[in-house]
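Chemist: To be precise about what I am sending: the file is called model24.txt and holds compact mmCIF, C-alpha atoms.
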```txt
# COMPACT_ATOMS: atom_id res chain seq x y z
CA MET A 1 -19.05 217.07 141.60
CA ALA A 2 -21.32 220.08 142.02
CA ILE A 3 -21.80 219.27 145.70
CA SER A 4 -18.05 218.98 146.29
CA LEU A 5 -17.40 222.30 144.61
CA SER A 6 -20.18 223.95 146.59
CA VAL A 7 -18.78 222.64 149.87
CA VAL A 8 -15.29 223.85 148.97
CA VAL A 9 -16.63 227.32 148.15
CA LEU A 10 -18.71 227.43 151.34
CA LEU A 11 -15.80 226.34 153.53
CA GLY A 12 -13.52 228.83 151.78
CA ILE A 13 -15.97 231.65 152.50
CA ILE A 14 -16.24 230.58 156.14
CA LEU A 15 -12.44 230.50 156.42
CA VAL A 16 -12.10 233.99 154.93
CA ILE A 17 -14.78 235.33 157.31
CA MET A 18 -13.01 233.74 160.29
CA ILE A 19 -9.67 235.25 159.26
CA ARG A 20 -11.15 238.71 158.68
CA SER A 21 -13.12 238.68 161.95
CA GLY A 22 -10.00 237.78 163.90
CA SER A 23 -11.32 234.51 165.32
CA ILE A 24 -8.49 232.71 163.50
CA LYS A 25 -5.22 234.16 162.26
CA GLY A 26 -3.75 233.56 158.82
CA GLY A 27 -0.91 231.34 160.06
CA PRO A 28 -3.06 228.84 161.96
CA ALA A 29 -5.52 228.81 159.05
CA VAL A 30 -2.81 227.20 156.93
CA VAL A 31 -2.87 224.08 159.16
CA PRO A 32 -6.47 223.02 158.34
CA ILE A 33 -5.92 223.92 154.68
CA LEU A 34 -2.87 221.67 154.48
CA PHE A 35 -4.63 218.97 156.51
CA GLY A 36 -7.50 218.93 154.02
CA PHE A 37 -5.10 218.92 151.09
CA PHE A 38 -3.13 215.95 152.38
CA LEU A 39 -6.25 214.13 153.58
CA ALA A 40 -7.70 214.40 150.07
CA SER A 41 -4.65 212.64 148.65
CA SER A 42 -4.70 209.88 151.27
CA GLY A 43 -6.32 206.47 151.09
CA MET A 44 -9.21 207.71 153.24
CA ALA A 45 -10.41 210.15 150.59
CA PRO A 46 -12.82 207.73 148.83
CA SER A 47 -14.41 206.71 152.14
CA ILE A 48 -14.86 210.33 153.18
CA GLN A 49 -16.35 211.15 149.77
CA ARG A 50 -18.84 208.26 150.02
CA PHE A 51 -19.81 209.39 153.52
CA LEU A 52 -20.38 212.99 152.42
CA ASN A 53 -22.32 211.81 149.36
CA SER A 54 -24.61 209.69 151.54
CA ILE A 55 -25.26 212.66 153.83
CA ALA A 56 -26.05 214.85 150.80
CA GLU A 57 -28.42 212.21 149.40
CA THR A 58 -30.14 211.86 152.78
CA ILE A 59 -30.65 215.62 153.01
CA ASN A 60 -31.89 215.66 149.43
CA ASP A 61 -34.47 212.94 150.20
CA ILE A 62 -36.02 214.91 153.05
CA SER A 63 -39.36 216.34 152.00
CA PHE A 64 -41.22 219.00 153.89
```
Could I get this structure in the form of C-alpha cells?
Modeler:
Amino acid sequence: MAISLSVVVLLGIILVIMIRSGSIKGGPAVVPILFGFFLASSGMAPSIQRFLNSIAETINDISF
C-alpha cells in the first residue's frame, strides 16, 4: 500500500510539473488521468498490481 501511494504521489507531482512547464496542457492531461482511473477499475488491475509489486520487490532486493 505504501508503494502504491508513493507512486501515485510521484506521478501526480510529475504531472503537475509537466502542466506548469507547458510540455502538456491541462486538457490533454485529463486523458491519462481518466485512463488510469478506468484501468484501475478494470479486470487488468490485479495483474498490473502484481507486476508493479514484483518490480518493487526486485528493486528492493538489489544490494550495493
Chemist: Which residue is closest to A:Ile33? Choose from A:Leu10, A:Arg50, A:Leu15, A:Thr58 and count only C-alpha atoms.
Modeler: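 Smallest separation from A:Ile33 among the options: A:Leu15.
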Chemist: Between A:Ile62, A:Gly36, A:Val9, A:Ser21, single out the one closest to A:Ile48, counting only C-alpha atoms.
Modeler: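 Of A:Ile62, A:Gly36, A:Val9, A:Ser21, the one nearest A:Ile48, counting only C-alpha atoms, is A:Gly36.
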Chemist: Is it possible to get the residues within 10 Å of (-9.3, 232.3, 155.2) (coordinates as in the file, counting only C-alpha atoms) written as a PyMOL selection string?
Modeler: chain A and resi 11-20+24-30+33
Chemist: Go ahead and compute the interatomic distance for atom CA of A:Ile59 and atom CA of A:Pro46, in Å to one decimal.
Modeler: 19.9 Å
Chemist: Measuring between all atoms listed in the file, which one of A:Ser41, A:Pro32, A:Ser23, A:Val7 shows the shortest distance to A:Asn53?
Modeler: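 Smallest distance to A:Asn53 is found for A:Val7.
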Chemist: To one decimal in Å, tell me the separation between atom CA of A:Phe35 and atom CA of A:Ala56.
Modeler: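 Taking atom CA of A:Phe35 and atom CA of A:Ala56, their separation equals 22.5 Å.
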Chemist: Figure out the distance between atom CA of A:Ser6 and atom CA of A:Phe37, please, to one decimal in Å.
Modeler: 16.5 Å
